Amino acid sequence: MEIKRVEGIVISETPYSESSKIINIITKELGIIGVMAKGANKLKSKLRNGSSKLSYATFDIYYKEKGLSTLVEVTPINNLKNIKTDINKISFAYYIVDLVNQVIKHEYNENIYNILISAIIKINEGFDPQIITNILELKMLDYLGVKPIIDECASCGSKTNIITISGDRGGYLCQNCRQSEYIVSDKTIKLIRMFYYVDISKISKLEISRESKKEIDMFINEYYDRYTGLYLKSKSFIKNLEKLNIN
């Protein structure tokens with residue numbers, strides 16, 4: 001059987017027998033694949049570290065198009081040390097791989113993988129994990145087929161006098177169409193559009209006020225609840241963690 005080399009990141013691991021495990025990997029070339037990591041739970045196994053969740057590496061595998069492939073060797077690309085030693089960073093990282101896993105069930109192309117890896121790397125580099133996550137969340141809406149309307153008023157189509165944004169009503173609202181919706185800052189309106197179009201890999205600086213961060217996160221949460229039907233435990237964990245930090 002031919003060995004295939006793929007680049008990817010482990011998104012889940014499940015014990016299999018006493019010493020082995022099954023891992024799911026989001027790969028650049030093949031989308032999500034299931035892989036048997038034989039003996040990976042043994043302390044001295046060369047596959048042990050490279051088969052854990054959030055292992056970002058190249059994987060040599062005996063590839064099966066149907067069924068489980070078999071892991072042969074792992075070569076780390078980035079150990080993501082800063083993420084794995086910080087509960088806040090790792091919580092956001094777990095959430096975005098869970099989210100992308102759900103998105104790929106609807107559609108897969110290499111752009112989704114590139115967005116995920118860029119976001120993971122930026123969080124590891126020390127950029128605000130909430131902001132990076134919000135950017136990724138906005139981009140994923142396009143692949144879920146529910147992109148928000150952020151170029152004009154979601155109600156009347158006007159491109160002028162945009163005054164706020166509503167997750168429930170689908171995007172920007174102009175002064176004439178706004179009803180009782182909370183009015184966000186002008187900065188927030190501009191940032192949401194910028195977030196959607198920005199290349200995450202090219203971000204070199206992020207300075208966003210606490211007010212805008214709160215408004216952007218509020219819009220995205222409301223929009224996901226209204227239009228995607230996705231419920232991820234990893235997102236709930238982040239919300240609970242934020243409550244603990246506040247208190």
# chains A, B, ... in the order shown; residues from 1 in each chain; ligands from 1
$ closest_atom_pairs --of "segment 125-207 of chain A" --to "segment 225-233 of chain A" --cutoff "9 Å" --atoms "only C-alpha atoms" --output "tab-separated table"
residue	atom	partner	partner_atom	distance
A:Leu141	CA	A:Thr228	CA	8.2
A:Leu144	CA	A:Thr228	CA	7.4
A:Gly145	CA	A:Thr228	CA	9.0
A:Val146	CA	A:Tyr227	CA	6.8
A:Gly167	CA	A:Arg226	CA	7.2
A:Asp168	CA	A:Arg226	CA	6.1
A:Arg169	CA	A:Arg226	CA	8.9
A:Gly170	CA	A:Tyr227	CA	8.5
$ closest_atom_pairs --of "segment 52-148 of chain A" --to "segment 198-220 of chain A" --cutoff "9 Å" --atoms "only C-alpha atoms" --output "tab-separated table"
residue	atom	partner	partner_atom	distance
A:Asn114	CA	A:Ser201	CA	8.7
A:Ile115	CA	A:Ile200	CA	6.9
A:Ile117	CA	A:Ser201	CA	8.7
A:Ser118	CA	A:Ser201	CA	5.1
A:Ala119	CA	A:Ile200	CA	6.4
A:Ile121	CA	A:Ser201	CA	8.3
A:Lys122	CA	A:Ser201	CA	7.5
A:Phe127	CA	A:Leu206	CA	7.3
A:Asp128	CA	A:Leu206	CA	7.8
A:Gln130	CA	A:Lys213	CA	8.1
A:Ile131	CA	A:Lys213	CA	7.1
A:Ile132	CA	A:Ile200	CA	7.8
A:Asn134	CA	A:Asp217	CA	6.7
A:Ile135	CA	A:Ile200	CA	7.8
A:Leu136	CA	A:Ile200	CA	8.3
A:Glu137	CA	A:Ile220	CA	7.5
A:Leu138	CA	A:Ile220	CA	7.3
$ atom_distance --atom1 "atom CA of Lys4 of chain A" --atom2 "atom CA of Tyr63 of chain A"
6.2 Å
$ closest_residue --among "A:Ile104, A:Ile87, A:Ile120, A:Ile96" --to "Glu242 of chain A" --atoms "only C-alpha atoms"
A:Ile87
$ select_by_dssp --residues "segment 209-244 of chain A" --states "helix (DSSP H, G or I)" --output "tab-separated table (two decimals) with N, CA and C atoms, in the first residue's frame"
chain	number	residue	atom	x	y	z
A	210	ARG	N	-12.64	47.72	23.79
A	210	ARG	CA	-13.47	46.73	24.48
A	210	ARG	C	-14.92	46.84	24.02
A	211	GLU	N	-15.37	48.07	23.76
A	211	GLU	CA	-16.74	48.27	23.30
A	211	GLU	C	-16.99	47.59	21.97
A	212	SER	N	-16.08	47.79	21.01
A	212	SER	CA	-16.25	47.17	19.69
A	212	SER	C	-16.14	45.66	19.76
A	213	LYS	N	-15.21	45.15	20.58
A	213	LYS	CA	-15.09	43.70	20.75
A	213	LYS	C	-16.40	43.10	21.23
A	214	LYS	N	-17.01	43.76	22.21
A	214	LYS	CA	-18.27	43.27	22.77
A	214	LYS	C	-19.39	43.31	21.73
A	215	GLU	N	-19.46	44.42	20.97
A	215	GLU	CA	-20.53	44.56	19.97
A	215	GLU	C	-20.36	43.56	18.82
A	216	ILE	N	-19.13	43.35	18.38
A	216	ILE	CA	-18.88	42.40	17.28
A	216	ILE	C	-19.23	40.99	17.73
A	217	ASP	N	-18.79	40.60	18.92
A	217	ASP	CA	-19.06	39.26	19.42
A	217	ASP	C	-20.56	39.06	19.62
A	218	MET	N	-21.24	40.09	20.09
A	218	MET	CA	-22.68	40.01	20.30
A	218	MET	C	-23.40	39.78	18.97
A	219	PHE	N	-23.01	40.53	17.93
A	219	PHE	CA	-23.62	40.35	16.61
A	219	PHE	C	-23.39	38.94	16.08
A	220	ILE	N	-22.16	38.46	16.16
A	220	ILE	CA	-21.83	37.15	15.60
A	220	ILE	C	-22.58	36.04	16.34
A	221	ASN	N	-22.63	36.12	17.65
A	221	ASN	CA	-23.36	35.11	18.43
A	221	ASN	C	-24.84	35.09	18.05
A	222	GLU	N	-25.42	36.27	17.93
A	222	GLU	CA	-26.84	36.39	17.57
A	222	GLU	C	-27.07	35.84	16.16
A	223	TYR	N	-26.15	36.15	15.25
A	223	TYR	CA	-26.30	35.72	13.85
A	223	TYR	C	-26.19	34.20	13.75
A	224	TYR	N	-25.21	33.61	14.43
A	224	TYR	CA	-25.07	32.15	14.40
A	224	TYR	C	-26.30	31.47	14.98
A	225	ASP	N	-26.82	32.01	16.09
A	225	ASP	CA	-28.01	31.42	16.70
A	225	ASP	C	-29.21	31.50	15.76
A	226	ARG	N	-29.30	32.59	15.02
A	226	ARG	CA	-30.47	32.83	14.16
A	226	ARG	C	-30.40	32.06	12.84
A	227	TYR	N	-29.19	31.93	12.26
A	227	TYR	CA	-29.12	31.45	10.88
A	227	TYR	C	-28.38	30.13	10.66
A	233	LYS	N	-20.45	22.68	22.08
A	233	LYS	CA	-20.12	22.71	23.51
A	233	LYS	C	-18.88	23.54	23.78
A	234	SER	N	-17.96	23.52	22.84
A	234	SER	CA	-16.72	24.28	23.02
A	234	SER	C	-16.99	25.78	23.07
A	235	LYS	N	-18.04	26.26	22.40
A	235	LYS	CA	-18.40	27.68	22.48
A	235	LYS	C	-19.01	27.98	23.84
A	236	SER	N	-19.81	27.06	24.35
A	236	SER	CA	-20.39	27.24	25.68
A	236	SER	C	-19.30	27.32	26.74
A	237	PHE	N	-18.25	26.52	26.57
A	237	PHE	CA	-17.14	26.53	27.52
A	237	PHE	C	-16.46	27.89	27.53
A	238	ILE	N	-16.30	28.50	26.36
A	238	ILE	CA	-15.69	29.83	26.28
A	238	ILE	C	-16.54	30.85	27.04
A	239	LYS	N	-17.85	30.78	26.83
A	239	LYS	CA	-18.75	31.72	27.51
A	239	LYS	C	-18.67	31.56	29.03
A	240	ASN	N	-18.60	30.32	29.50
A	240	ASN	CA	-18.49	30.07	30.93
A	240	ASN	C	-17.14	30.54	31.47
A	241	LEU	N	-16.10	30.38	30.67
A	241	LEU	CA	-14.77	30.84	31.06
A	241	LEU	C	-14.74	32.36	31.18
A	242	GLU	N	-15.40	33.04	30.24
A	242	GLU	CA	-15.47	34.50	30.27
A	242	GLU	C	-16.18	34.98	31.53
A	243	LYS	N	-17.22	34.29	31.94
A	243	LYS	CA	-17.94	34.66	33.17
A	243	LYS	C	-17.03	34.54	34.38
A	244	LEU	N	-16.23	33.49	34.41
A	244	LEU	CA	-15.29	33.31	35.53
A	244	LEU	C	-14.25	34.41	35.55
$ closest_residue --among "A:Met140, A:Val100, A:Ile11, A:Ile149" --to "Leu173 of chain A" --atoms "only C-alpha atoms"
A:Ile149
$ residues_around --residues "Phe59 of chain A" --least-positions-apart "4" --cutoff "8 Å" --atoms "only C-alpha atoms" --output "list in words"
Arg5, Val6, Glu7, Gly8, Leu71, Val72, Glu73, Val74 and Thr75 of chain A
$ write_last_selection --atoms "N, CA and C atoms" --output "mmCIF file, in the first residue's frame"
data_model
loop_
_atom_site.group_PDB
_atom_site.id
_atom_site.type_symbol
_atom_site.label_atom_id
_atom_site.label_comp_id
_atom_site.auth_asym_id
_atom_site.auth_seq_id
_atom_site.Cartn_x
_atom_site.Cartn_y
_atom_site.Cartn_z
ATOM 1 N N ARG A 5 1.613 11.494 1.981
ATOM 2 C CA ARG A 5 1.951 12.541 2.955
ATOM 3 C C ARG A 5 0.945 13.675 2.838
ATOM 4 N N VAL A 6 0.360 14.051 3.969
ATOM 5 C CA VAL A 6 -0.620 15.135 3.986
ATOM 6 C C VAL A 6 -0.271 16.122 5.093
ATOM 7 N N GLU A 7 -0.662 17.365 4.883
ATOM 8 C CA GLU A 7 -0.526 18.392 5.926
ATOM 9 C C GLU A 7 -1.866 18.549 6.616
ATOM 10 N N GLY A 8 -1.854 18.700 7.939
ATOM 11 C CA GLY A 8 -3.131 18.861 8.622
ATOM 12 C C GLY A 8 -3.000 19.141 10.097
ATOM 13 N N LEU A 71 -1.681 5.590 10.432
ATOM 14 C CA LEU A 71 -0.599 6.555 10.636
ATOM 15 C C LEU A 71 0.750 5.844 10.683
ATOM 16 N N VAL A 72 1.697 6.380 9.916
ATOM 17 C CA VAL A 72 3.042 5.802 9.870
ATOM 18 C C VAL A 72 4.046 6.695 10.592
ATOM 19 N N GLU A 73 3.986 7.988 10.294
ATOM 20 C CA GLU A 73 4.954 8.924 10.875
ATOM 21 C C GLU A 73 4.360 10.318 10.927
ATOM 22 N N VAL A 74 4.823 11.112 11.912
ATOM 23 C CA VAL A 74 4.360 12.486 12.075
ATOM 24 C C VAL A 74 5.568 13.412 12.136
ATOM 25 N N THR A 75 5.521 14.502 11.367
ATOM 26 C CA THR A 75 6.580 15.519 11.412
ATOM 27 C C THR A 75 5.947 16.856 11.781
#
$ atom_distance --atom1 "atom CA of Ser180 of chain A" --atom2 "atom CA of Asp142 of chain A"
27.3 Å
$ residues_around --residues "Val10 of chain A" --least-positions-apart "4" --cutoff "7 Å" --atoms "only C-alpha atoms" --output "mmCIF file with N, CA, C and O atoms, in the first residue's frame"
data_model
loop_
_atom_site.group_PDB
_atom_site.id
_atom_site.type_symbol
_atom_site.label_atom_id
_atom_site.label_comp_id
_atom_site.auth_asym_id
_atom_site.auth_seq_id
_atom_site.Cartn_x
_atom_site.Cartn_y
_atom_site.Cartn_z
ATOM 1 N N ILE A 23 -7.753 9.010 15.256
ATOM 2 C CA ILE A 23 -7.730 10.472 15.202
ATOM 3 C C ILE A 23 -8.413 10.955 13.930
ATOM 4 O O ILE A 23 -8.396 10.267 12.897
ATOM 5 N N ASN A 24 -9.047 12.112 14.027
ATOM 6 C CA ASN A 24 -9.588 12.790 12.855
ATOM 7 C C ASN A 24 -8.719 13.993 12.560
ATOM 8 O O ASN A 24 -8.390 14.771 13.471
ATOM 9 N N ILE A 25 -8.335 14.121 11.315
ATOM 10 C CA ILE A 25 -7.424 15.185 10.900
ATOM 11 C C ILE A 25 -8.080 16.012 9.801
ATOM 12 O O ILE A 25 -8.588 15.457 8.821
ATOM 13 N N ILE A 26 -8.079 17.337 9.971
ATOM 14 C CA ILE A 26 -8.443 18.213 8.859
ATOM 15 C C ILE A 26 -7.178 18.403 8.040
ATOM 16 O O ILE A 26 -6.185 18.941 8.530
ATOM 17 N N SER A 51 -0.140 12.822 17.610
ATOM 18 C CA SER A 51 -1.502 12.351 17.348
ATOM 19 C C SER A 51 -2.508 12.909 18.353
ATOM 20 O O SER A 51 -3.645 12.450 18.420
ATOM 21 N N SER A 52 -2.090 13.902 19.122
ATOM 22 C CA SER A 52 -3.002 14.521 20.090
ATOM 23 C C SER A 52 -3.737 15.689 19.438
ATOM 24 O O SER A 52 -3.308 16.223 18.410
ATOM 25 N N LYS A 53 -4.851 16.091 20.033
ATOM 26 C CA LYS A 53 -5.652 17.182 19.479
ATOM 27 C C LYS A 53 -4.816 18.450 19.356
ATOM 28 O O LYS A 53 -4.035 18.781 20.238
ATOM 29 N N LEU A 54 -4.955 19.135 18.242
ATOM 30 C CA LEU A 54 -4.229 20.349 17.881
ATOM 31 C C LEU A 54 -2.794 20.083 17.452
ATOM 32 O O LEU A 54 -1.990 21.020 17.386
ATOM 33 N N SER A 55 -2.461 18.839 17.140
ATOM 34 C CA SER A 55 -1.153 18.575 16.542
ATOM 35 C C SER A 55 -1.191 19.059 15.093
ATOM 36 O O SER A 55 -1.976 18.562 14.286
ATOM 37 N N TYR A 56 -0.326 20.029 14.782
ATOM 38 C CA TYR A 56 -0.261 20.608 13.443
ATOM 39 C C TYR A 56 1.017 20.087 12.797
ATOM 40 O O TYR A 56 2.122 20.395 13.261
#
$ atom_distance --atom1 "atom CA of Gly34 of chain A" --atom2 "atom CA of Glu13 of chain A"
9.7 Å
$ residues_around --residues "Pro76 of chain A" --least-positions-apart "5" --cutoff "7 Å" --atoms "only C-alpha atoms" --output "list in words"
Gly50, Tyr56, Ala57 and Thr58 of chain A
$ closest_residue --among "A:Ala40, A:Leu68, A:Ile77, A:Val103" --to "Ile9 of chain A" --atoms "only C-alpha atoms"
A:Ile77
$ select_by_dssp --residues "segment 67-170 of chain A" --states "strand (DSSP E or B)" --output "JSON, numbers by chain"
{"A": [69, 70, 71, 72, 73, 74, 75, 76, 77, 78, 149, 162, 163, 164, 165, 166]}
